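Here the structure is laid out as C-alpha cells; the discussion comes afterwards.
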2 protein chains.
Amino acid sequence: MSKEYKGFEPKWHKEAPPKGSYRSIFKWGNPEDYKIPNERLYNMMKKKFGITDDDFKESKELGLEEVKFNKEINLTEEQIDTFRKIVGKDNVKTDNYTRLQVAYGKTMVDVMRLRKKIVENIPDIVIYPRDKYDIEKIVKYCTEEKIPLYVYGGGSSVTRGVECVKGGVSLDMRVHFNKVIEFNETNQTITVEAGMSGPKLEKVLNDAPNLFDAKRKYTCGHFPQSFEYSVVGGWVVTRGAGQNSTYFGNIKDMVMAQEYVTPVGTIKSGEYPAEATGPSIDEIMMGSEGTFGVLTHITLKVFRYMPENQRRFSYIFKTWEDARNAAREIMQSQFGYPSVFRLSDPEETDVMLKLYGVEGTVLDKLMTVRGFKEMERCLFLGFTDGEKGFTKNIKRRLHKICKRYGAMYLTGYPVKGWEKGRFRDPYMRDIMQDFGIMTDTLECSVTWDTMEKVHKGVRKYCKSRPNTICMTHMSHVYPQGANLYFIFIAKMDSIEEYLDYQYGILDNVQKYGAAMSHHHGIGKMTAPWLEGQIGENQMKIFKALKNHFDPDNIMNPGGTLALDLDDSEKRFNKK
Amino acid sequence: MSKEYKGFEPKWHKEAPPKGSYRSIFKWGNPEDYKIPNERLYNMMKKKFGITDDDFKESKELGLEEVKFNKEINLTEEQIDTFRKIVGKDNVKTDNYTRLQVAYGKTMVDVMRLRKKIVENIPDIVIYPRDKYDIEKIVKYCTEEKIPLYVYGGGSSVTRGVECVKGGVSLDMRVHFNKVIEFNETNQTITVEAGMSGPKLEKVLNDAPNLFDAKRKYTCGHFPQSFEYSVVGGWVVTRGAGQNSTYFGNIKDMVMAQEYVTPVGTIKSGEYPAEATGPSIDEIMMGSEGTFGVLTHITLKVFRYMPENQRRFSYIFKTWEDARNAAREIMQSQFGYPSVFRLSDPEETDVMLKLYGVEGTVLDKLMTVRGFKEMERCLFLGFTDGEKGFTKNIKRRLHKICKRYGAMYLTGYPVKGWEKGRFRDPYMRDIMQDFGIMTDTLECSVTWDTMEKVHKGVRKYCKSRPNTICMTHMSHVYPQGANLYFIFIAKMDSIEEYLDYQYGILDNVQKYGAAMSHHHGIGKMTAPWLEGQIGENQMKIFKALKNHFDPDNIMNPGGTLALDLDDSEKRFNKK
C-alpha cells in the first residue's frame, strides 16, 4: 500500500505484465514502471463518478493471459521466402505474438480490444528492415505483388495510425533502423533513420561533445508526452508537436530534409534553410502518415542544450476568460515565446492542483483567501527555453501580463509537479482502467476567436454524459490561436459506449469550427471527419497525390487519411 | 546637375517617361522618381569597367518612343464578347499598350527587350476582374475554350513569371481586385484580395485604429525591395521574403489561409494556427506561381506596429570568414533574431561604403587606422523589430558576438544610408542602363557548410568576365544557413551576351549546391534548372499536381516551374 493513502486503497496492478501476455502489448512504457493516482484524485473520482470503494475491489480485463489466437497468414510461402531473402530469415517474423504486438497502437480502442482479447487487423508477417536498401526492395516487391505495407515506429499512435487493416506486412522500424547517419554542427542538424527513438536521439545530442567531438551539447527540442516510446519517423509523418513546441516549434518546423521510399521511387527533399522553388516537397510528404511511402531518413534542425536557462512560472487566474486573454496577449506581444505553455480550464485546474500536490498547501490557502474560487480559477504553468537574457525578458514580460489580468504568482512549484508527471501520467491510464475507468484525450486546433465556442460546445457535449470528468487545457500556443486538449475520465464498460461518446466529441469539435487534429494526425480514427474539415476539393488533392505515389493502394491502406473510405464511412456535415 | 558631382556628370535621364512609351512600361516605380549614382560610385564604375567620361556622353535605347507593333489577337470575337459579358466591357482591353504593359515583368531580359522594342509573348486581351465571381467565370470559360490564362499582380517578377508565352488572357489584378475583406484583431490577421499592393496593405494596417476601430496599429512585416510595386498575391505564389524576414519570417510563415480558383474548382485552406491533418494545402499551393490556379484571397498574420523598438546596428569585420562565423553564431545563439540582417562581402562592402556615404567620413578613417583593409573588410548592418526588452537583448548579445569576432561598431549611420535606398536603389538600374550598364541580381539559398563553396565558385565565374563588378551579401538568415545575393554590374550590349553570362551564373549556383531560388521563385527564367535541383522524382510530384489542377495546361503555360518544358530546354547536370 502507498504511504499516501490514509483510507481504503484499491489493489492497483503494479506488477510487470507476464511475458507473452496481452497486457505486455497494451501496457504503456516500461513494463516495470507504473503510476497510481494519489488519494485526493481517487476520492475525487469516486465523488464525480458516484461510486464507492466497493467499485474498486475487483479489477477486470487485466489481459494477463498469454496471447493466443488463430489467424491465417494470407501470404504465400514464396512471398515470405522472398522477404527472408531480402532481410535475412531472422528479420522476418510470423509468430502470433510478434504480429499482434505491432497490430495496434495506443488508441483507447486498441487497448480496449486487447483487454477483451479481440484480435483483428493484424499483419501477416512482421519485418525488421536493416537499412534503406532493404526498405527499397520490400516496397518494390510489395508493389509488384500488391501486398499491403504498414510501418510500425514507436507504436504510440492514438489515431489507429499503424493498424494493419488489410493484413500484409508490417515493418517494425525500432529493431535495426534507428541509427544516426550524420551530425552536422556547422548547420546544427542531425540526420537519423526513421526508427530512432526520442530518448536515444536526445542522448546522442546531449552527448555530442563525446560522440562527435562537437563544441557543445545539443537538444532536439521535441518532447511529446509519448517521447520515451515514440520515434522520429512517427513524429514527422503525423506532424507531431512536443510539449515545448511554443518555443521550439512543431516537428514540421524542425524538419530540414527527408527521404521516403515510395512505390514510384525515392523522394528526397533538399537540404536548404528555405527555398522558393515551387510547392514544398517537405510539406507534401509530412502528414502523409505512411500512405505515400515509407519515411526512411530525416534531417532535423537541433538546438543548443541550455537547461540552465529554463525558468519556471505558474499563475492562477480568477476566470478562464482572464486567463485566455492573458495567454493571447503573451503570444501577441512579440517578446519571444515560453517553451512549455499550459493553461488549464477550471475543471482541469481542480484536478491538476490535486495531481501536482498543491491542494492543501500554503499556496492553496492563499488562493482561497485571495478569492480564486474552485471551479472558476485557472492554472497556468510552463517554463522558458533559449538564451539567458532572452528567457529572463520573457519571464518578466509574462509576469506583467499575468498581473494585469489579475493573476497570482504561484512560484515554480506546480511546474515541478507537472514535470514529474509529464512523461509518466500515461502510466495511470492503464492502472485506472483495470477498474473500468477510461481516460482519453482529444486535441484540436483553434483560432483565438473560435476558442470559446469550441471549448463551451465540446464541454457541453462531454458533460451531457453524467458522472464524467472533462478537463481542457490550452497548449502549443501561437499568436493566432492554440491547441485545445480535451481529456475525459469516466467509468465505461463497452467499446460501443466508448466509441459513441468519442465520436460525439469529434462531431462537436468539427461542428464548432476546430481543426480535427493539432498534432496527433488523422490515422484511421479521425479519418471519417477529415473531408468535413478540409473540404471535398482539398480532399481530392490528397487523392491525386495518393494516386501518383501509390496507385495500387498498398501503403497503409484501410482508411488512413480517408484516402480509401467509402462515402458511407464518412462522418461529417459537408460544408 | 547634382550638387554632388565635382567633375563631369553624365546627362542622366531624369524625366518622367512619355505617356504611351516603351520606357513608361519598363521603368521602375513612380514615373516622376529617379535615383542617380553618386560621384564616388560613378568614378568607381569607370575604373572597374575600364571606361571614361566619354562612354557616358551618349545614352541609348531610352525607349522614349510610342509603343507601336502589330500583333494579331488570336481570340475570336465571340470569345472576347463572352469575357465582356462577364466583367463588363470597360474591363476588357484589347489595345496594344495595355497588352504590352502586362506582358513583361522586371526581369533584366524584359527590360532589354522593351528597350530594343522586341515585342513577343503578349496576351491577346487584358481583363480587370472585379471580384472572385468574375475570376471563377473566367477560369471556367478559359478551361472550356482552352484559352491560356496568365495573372499580372504588381509586375515586379524578376523570373519572367508573368510573361504570356502562349498569348491568351492576362488578368490584371491591380485595378479592382485589391480590397480588404476582413481585419481580425483578435486573431491578428487580415484577409485581402490578391491584387492588394504592399503600401496599401501597410497603410491599412498602420491605420487600423481609424479604419477598424482597432486597439492598436499593425504592420504586415513583409518588405521586399519591390514592396512599393508588388502585390500580396505575387508575394505568396512565388514564396517571397521581405528584407525584414529574419525576424518576421518569409511570406510562407505569414500566410494563415488562402483561396484559389482552379480549373477543378475552388481550393481553400483552413484558418488554423497549426494542424496535423495530412499534407499542407497551403504549402502545396504556395510556390505554384499561377500554374495550378488563380490566387484570389489571402489571410495574413499581422504584427504589432512598434517602430520605436527598431534598434539599428552596423559593424565592420576584418574578413569575410570572421563575418560569416559571427553571423552563424548570432543565428544559433537562441536570443531571438534581428529583423534586417545584411552582411556584405568585401567587394560589396566597397560599393556600399560609397553608396551609403561612409567613404571619406571619420568612420572611414577610423576603419583604416584600425586595420580594416579595403577589399578584405565586410560590412554588417541591420535593425531589430519586436518588443522593447526583446530587441534590447538582441542588440546587446549581437554586439558581444561581433566584438568576439574582431568587429568594430560603426553606429547606426550606415543603416540610415541603407534605409534611404532600400526601396529606391532599383531606380538606379534604369538610369545607368541608359548608358549600357547592366545591373542584375540572382539569389540562392545555402546551408552554412556550403556557403563558402557557393560564394567562391559563383564569384569565380562572375569575375572571369573582365571589367565586371560582382557583389555578394548574405540576408534572410537562419540557424541553418542563409540567402546569398549575387549582384553584378557590367557594361553589356546584347541580350545574347547578357543571357550567356546569367545562365553561367545559374549553372554555377547549381553546381556548387545552392537552391536555385530563396525568394524570387522560379518562373520561366530559372525553370530549366529546377529539375536539376529538386530531382526527377520530385519534379514528377509537381507534374502530378499540375495534371490534377490543370490537365489542359491553360494556367501560366510556357515553361513556368518547368511543368511543360521539353527535355531539350532543360539545363542542368542531372544528379
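Ordering of the C-alpha cells sets the chain letters (A, B, ...); residue numbers start at 1 within each chain; ligands are numbered from 1 in the order shown.
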
Note to self: Which residues are close to Ala544 (chain A), i.e. within 8 Å by only C-alpha atoms, leaving aside same-chain residues fewer than 6 positions away? Reply as a ChimeraX atom specification.
What the structure shows: /B:544-545,548

Go through region 117-215 of chain A residue by residue and, counting only C-alpha atoms, keep those with an atom at most 12 Å from region 450-468 of chain B; for each kept residue give the shortest atom pair and its distance in Å to one decimal, ordered by chain and increasing number, as a Markdown table.
```
| residue | atom | partner | partner_atom | distance |
| --- | --- | --- | --- | --- |
| A:Asn184 | CA | B:Thr450 | CA | 11.8 |
| A:Thr186 | CA | B:Thr450 | CA | 9.9 |
| A:Asn187 | CA | B:Thr450 | CA | 9.4 |
```

Note to self: Give me the residues near region 523-539 of chain B as an NGL selection string, where near means some atom within 8 Å (using only C-alpha atoms) and where sequence neighbours in that chain fewer than 2 positions away do not count.
What the structure shows: (:A and (264-270 or 277 or 281)) or (:B and (159-162 or 289 or 506-507 or 510 or 515-516 or 521 or 541-543 or 558-562 or 565 or 569-575))

Next item on the list: Residues of chain A near chain B: apply a cut-off of 6 Å, count only C-alpha atoms, and supply the list as a ChimeraX atom specification.
Entry: /A:187,239,272-273,275-280,283-284,286-288,334-335,386-387,390,446-448,480-481,517-519,521-522

Just C-alpha atoms for this one: save the residues we selected as an mmCIF file, in the first residue's frame.
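Wrote out.cif, looks like this:
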```cif
data_model
loop_
_atom_site.group_PDB
_atom_site.id
_atom_site.type_symbol
_atom_site.label_atom_id
_atom_site.label_comp_id
_atom_site.auth_asym_id
_atom_site.auth_seq_id
_atom_site.Cartn_x
_atom_site.Cartn_y
_atom_site.Cartn_z
ATOM 1 C CA ASN A 187 24.466 23.619 -39.754
ATOM 2 C CA ARG A 239 3.044 16.253 -37.996
ATOM 3 C CA TYR A 272 18.250 24.240 -47.589
ATOM 4 C CA PRO A 273 17.308 26.715 -44.872
ATOM 5 C CA GLU A 275 13.620 27.960 -50.772
ATOM 6 C CA ALA A 276 11.228 29.402 -53.363
ATOM 7 C CA THR A 277 11.337 26.556 -55.839
ATOM 8 C CA GLY A 278 7.718 25.505 -56.229
ATOM 9 C CA PRO A 279 5.435 23.720 -53.769
ATOM 10 C CA SER A 280 7.149 22.396 -50.654
ATOM 11 C CA GLU A 283 5.167 19.762 -46.587
ATOM 12 C CA ILE A 284 3.645 17.429 -49.165
ATOM 13 C CA MET A 286 4.794 15.369 -43.933
ATOM 14 C CA GLY A 287 1.380 14.341 -42.726
ATOM 15 C CA SER A 288 1.115 11.573 -45.317
ATOM 16 C CA GLN A 334 6.449 39.857 -29.635
ATOM 17 C CA PHE A 335 8.884 39.341 -26.765
ATOM 18 C CA GLY A 386 16.662 29.779 -25.014
ATOM 19 C CA GLU A 387 19.462 32.219 -24.229
ATOM 20 C CA PHE A 390 16.006 36.144 -23.789
ATOM 21 C CA VAL A 446 -8.410 26.722 -32.929
ATOM 22 C CA THR A 447 -8.008 30.411 -33.576
ATOM 23 C CA TRP A 448 -8.474 32.799 -30.666
ATOM 24 C CA GLN A 480 -3.217 33.362 -33.895
ATOM 25 C CA GLY A 481 -4.602 30.651 -31.610
ATOM 26 C CA SER A 517 -6.049 17.444 -35.114
ATOM 27 C CA HIS A 518 -3.299 19.726 -33.957
ATOM 28 C CA HIS A 519 -0.535 17.141 -33.611
ATOM 29 C CA GLY A 521 -2.532 13.237 -37.062
ATOM 30 C CA ILE A 522 -5.631 11.695 -38.581
#
```

Each region 68-185 of chain B residue no farther than 9 Å from region 217-233 of chain B, nearest pair in Å, only C-alpha atoms, as CSV:
```
residue,atom,partner,partner_atom,distance
B:Gly153,CA,B:Val231,CA,5.8
B:Gly154,CA,B:Ser230,CA,4.1
B:Gly155,CA,B:Ser230,CA,6.8
B:Ser156,CA,B:Ser230,CA,5.9
B:Ser157,CA,B:Ser230,CA,8.6
B:Met173,CA,B:Val231,CA,8.9
B:Arg174,CA,B:Val231,CA,7.9
B:Asn178,CA,B:Val231,CA,8.7
```

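Between CA of Ser494 (chain B) and CA of Thr441 (chain B) the separation is 17.7 Å.
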
Checklist line | Nearest to Lys395 (chain B), chosen from B:Ala214, B:Leu381, B:Leu75, B:Val369, with only C-alpha atoms counted in the distances | finding: B:Leu381

Skipping near chain neighbours, those fewer than 6 positions away, what residues fall within 8 Å of Asp172 (chain A) using only C-alpha atoms, listed as a PDB file with C-alpha atoms, in the first residue's frame?
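After the write, out_35.pdb holds the following:
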```pdb
ATOM      1  CA  VAL A 102       2.612  -4.280 -33.988  1.00  0.00           C
ATOM      2  CA  VAL A 126       6.486  -8.569 -39.422  1.00  0.00           C
ATOM      3  CA  ILE A 127       9.779  -7.495 -40.962  1.00  0.00           C
ATOM      4  CA  TYR A 128      12.724  -5.763 -39.314  1.00  0.00           C
ATOM      5  CA  PRO A 129      14.453  -3.830 -42.108  1.00  0.00           C
ATOM      6  CA  VAL A 151       5.020   0.827 -40.824  1.00  0.00           C
ATOM      7  CA  TYR A 152       5.377   0.493 -37.068  1.00  0.00           C
ATOM      8  CA  GLY A 153       7.550   3.125 -35.394  1.00  0.00           C
TER       9      GLY A 153
END
```

Margin query: Just list as number ranges by chain whatever in region 292-528 of chain B DSSP marks as strand (DSSP E or B).
Written below: B: 294-301, 303-304, 312-317, 340-344, 378-383, 408-409, 437-447, 468-478, 481-491, 515

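The environment of Phe380 (chain B) within 6 Å, counting only C-alpha atoms and disregarding residues fewer than 5 places along the same chain, consists of Ser314, Tyr315, Arg342 and Leu343 of chain B.
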
Written selection (all heavy atoms) as an mmCIF file, in the first residue's frame:
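Contents of the output file part-v4.cif:
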```cif
data_model
loop_
_atom_site.group_PDB
_atom_site.id
_atom_site.type_symbol
_atom_site.label_atom_id
_atom_site.label_comp_id
_atom_site.auth_asym_id
_atom_site.auth_seq_id
_atom_site.Cartn_x
_atom_site.Cartn_y
_atom_site.Cartn_z
ATOM 1 N N SER B 314 25.470 48.532 -36.931
ATOM 2 C CA SER B 314 26.350 48.183 -38.055
ATOM 3 C C SER B 314 27.764 47.948 -37.542
ATOM 4 O O SER B 314 28.188 48.555 -36.554
ATOM 5 C CB SER B 314 26.325 49.250 -39.146
ATOM 6 O OG SER B 314 27.026 50.379 -38.734
ATOM 7 N N TYR B 315 28.430 47.032 -38.207
ATOM 8 C CA TYR B 315 29.778 46.611 -37.799
ATOM 9 C C TYR B 315 30.629 46.418 -39.037
ATOM 10 O O TYR B 315 30.123 46.131 -40.117
ATOM 11 C CB TYR B 315 29.730 45.288 -37.030
ATOM 12 C CG TYR B 315 29.021 45.393 -35.715
ATOM 13 C CD1 TYR B 315 27.638 45.227 -35.627
ATOM 14 C CD2 TYR B 315 29.727 45.682 -34.543
ATOM 15 C CE1 TYR B 315 26.974 45.349 -34.422
ATOM 16 C CE2 TYR B 315 29.075 45.799 -33.326
ATOM 17 C CZ TYR B 315 27.695 45.639 -33.272
ATOM 18 O OH TYR B 315 27.041 45.761 -32.062
ATOM 19 N N ARG B 342 21.970 42.120 -42.876
ATOM 20 C CA ARG B 342 22.616 42.222 -44.177
ATOM 21 C C ARG B 342 24.122 42.276 -43.999
ATOM 22 O O ARG B 342 24.653 43.198 -43.381
ATOM 23 C CB ARG B 342 22.123 43.476 -44.889
ATOM 24 C CG ARG B 342 22.621 43.569 -46.317
ATOM 25 C CD ARG B 342 22.194 44.872 -46.974
ATOM 26 N NE ARG B 342 22.921 45.019 -48.215
ATOM 27 C CZ ARG B 342 22.372 45.028 -49.421
ATOM 28 N NH1 ARG B 342 21.081 44.932 -49.543
ATOM 29 N NH2 ARG B 342 23.121 45.147 -50.490
ATOM 30 N N LEU B 343 24.780 41.280 -44.540
ATOM 31 C CA LEU B 343 26.231 41.167 -44.385
ATOM 32 C C LEU B 343 26.855 41.128 -45.777
ATOM 33 O O LEU B 343 26.590 40.215 -46.563
ATOM 34 C CB LEU B 343 26.548 39.881 -43.617
ATOM 35 C CG LEU B 343 28.016 39.498 -43.476
ATOM 36 C CD1 LEU B 343 28.822 40.597 -42.786
ATOM 37 C CD2 LEU B 343 28.147 38.202 -42.689
#
```

Note to self: I'd like to know which residues of region 127-272 of chain B are helix (DSSP H, G or I) (by DSSP, run on the backbone); could you write them as a PyMOL selection string?
What the structure shows: chain B and resi 132-145+198-206+208-212+227-229+232-237+245-248+251-254

Nearby residues (only C-alpha atoms) at most 9 Å from Met471 (chain B), same-chain spacing under 4 positions excluded, as an mmCIF file with N, CA and C atoms, in the first residue's frame:
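Final output, selection12.cif:
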```cif
data_model
loop_
_atom_site.group_PDB
_atom_site.id
_atom_site.type_symbol
_atom_site.label_atom_id
_atom_site.label_comp_id
_atom_site.auth_asym_id
_atom_site.auth_seq_id
_atom_site.Cartn_x
_atom_site.Cartn_y
_atom_site.Cartn_z
ATOM 1 N N SER B 344 27.690 42.126 -46.074
ATOM 2 C CA SER B 344 28.268 42.262 -47.413
ATOM 3 C C SER B 344 29.657 41.651 -47.476
ATOM 4 N N ASP B 345 29.957 41.041 -48.588
ATOM 5 C CA ASP B 345 31.312 40.520 -48.777
ATOM 6 C C ASP B 345 32.239 41.688 -49.136
ATOM 7 N N PRO B 346 33.554 41.446 -49.243
ATOM 8 C CA PRO B 346 34.479 42.579 -49.425
ATOM 9 C C PRO B 346 34.139 43.470 -50.627
ATOM 10 N N GLU B 347 33.804 42.863 -51.762
ATOM 11 C CA GLU B 347 33.546 43.711 -52.927
ATOM 12 C C GLU B 347 32.275 44.546 -52.745
ATOM 13 N N GLU B 348 31.244 43.935 -52.165
ATOM 14 C CA GLU B 348 30.027 44.726 -51.938
ATOM 15 C C GLU B 348 30.270 45.797 -50.878
ATOM 16 N N THR B 349 31.045 45.445 -49.853
ATOM 17 C CA THR B 349 31.354 46.425 -48.807
ATOM 18 C C THR B 349 31.943 47.687 -49.415
ATOM 19 N N VAL B 351 31.494 48.911 -52.359
ATOM 20 C CA VAL B 351 30.451 49.686 -53.038
ATOM 21 C C VAL B 351 29.512 50.338 -52.018
ATOM 22 N N ARG B 459 31.364 33.490 -57.505
ATOM 23 C CA ARG B 459 32.203 34.696 -57.688
ATOM 24 C C ARG B 459 33.290 34.467 -58.726
ATOM 25 N N TYR B 485 22.971 36.651 -51.997
ATOM 26 C CA TYR B 485 22.560 37.522 -53.103
ATOM 27 C C TYR B 485 23.780 37.859 -53.933
ATOM 28 N N PHE B 486 23.722 37.570 -55.209
ATOM 29 C CA PHE B 486 24.810 37.985 -56.103
ATOM 30 C C PHE B 486 24.307 39.135 -56.973
ATOM 31 N N ILE B 487 25.028 40.220 -56.966
ATOM 32 C CA ILE B 487 24.646 41.369 -57.792
ATOM 33 C C ILE B 487 25.806 41.650 -58.733
ATOM 34 N N PHE B 488 25.512 41.672 -60.018
ATOM 35 C CA PHE B 488 26.612 42.070 -60.899
ATOM 36 C C PHE B 488 26.283 43.364 -61.626
ATOM 37 N N ILE B 489 27.323 44.149 -61.861
ATOM 38 C CA ILE B 489 27.194 45.388 -62.629
ATOM 39 C C ILE B 489 28.262 45.327 -63.716
#
```

Next item on the list: Skip Lys11 (chain A) itself and residues of its chain fewer than 3 positions away, then list as a count of residues only all residues within 12 Å of it, counting only C-alpha atoms.
Entry: 20

Checklist line | Best match for closeness to Trp12 (chain B) among B:Met492, B:Met428, B:Val158, B:Ile125, counting only C-alpha atoms | finding: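 Checking each of B:Met492, B:Met428, B:Val158, B:Ile125 against Trp12 (chain B), counting only C-alpha atoms, the winner is B:Met428.
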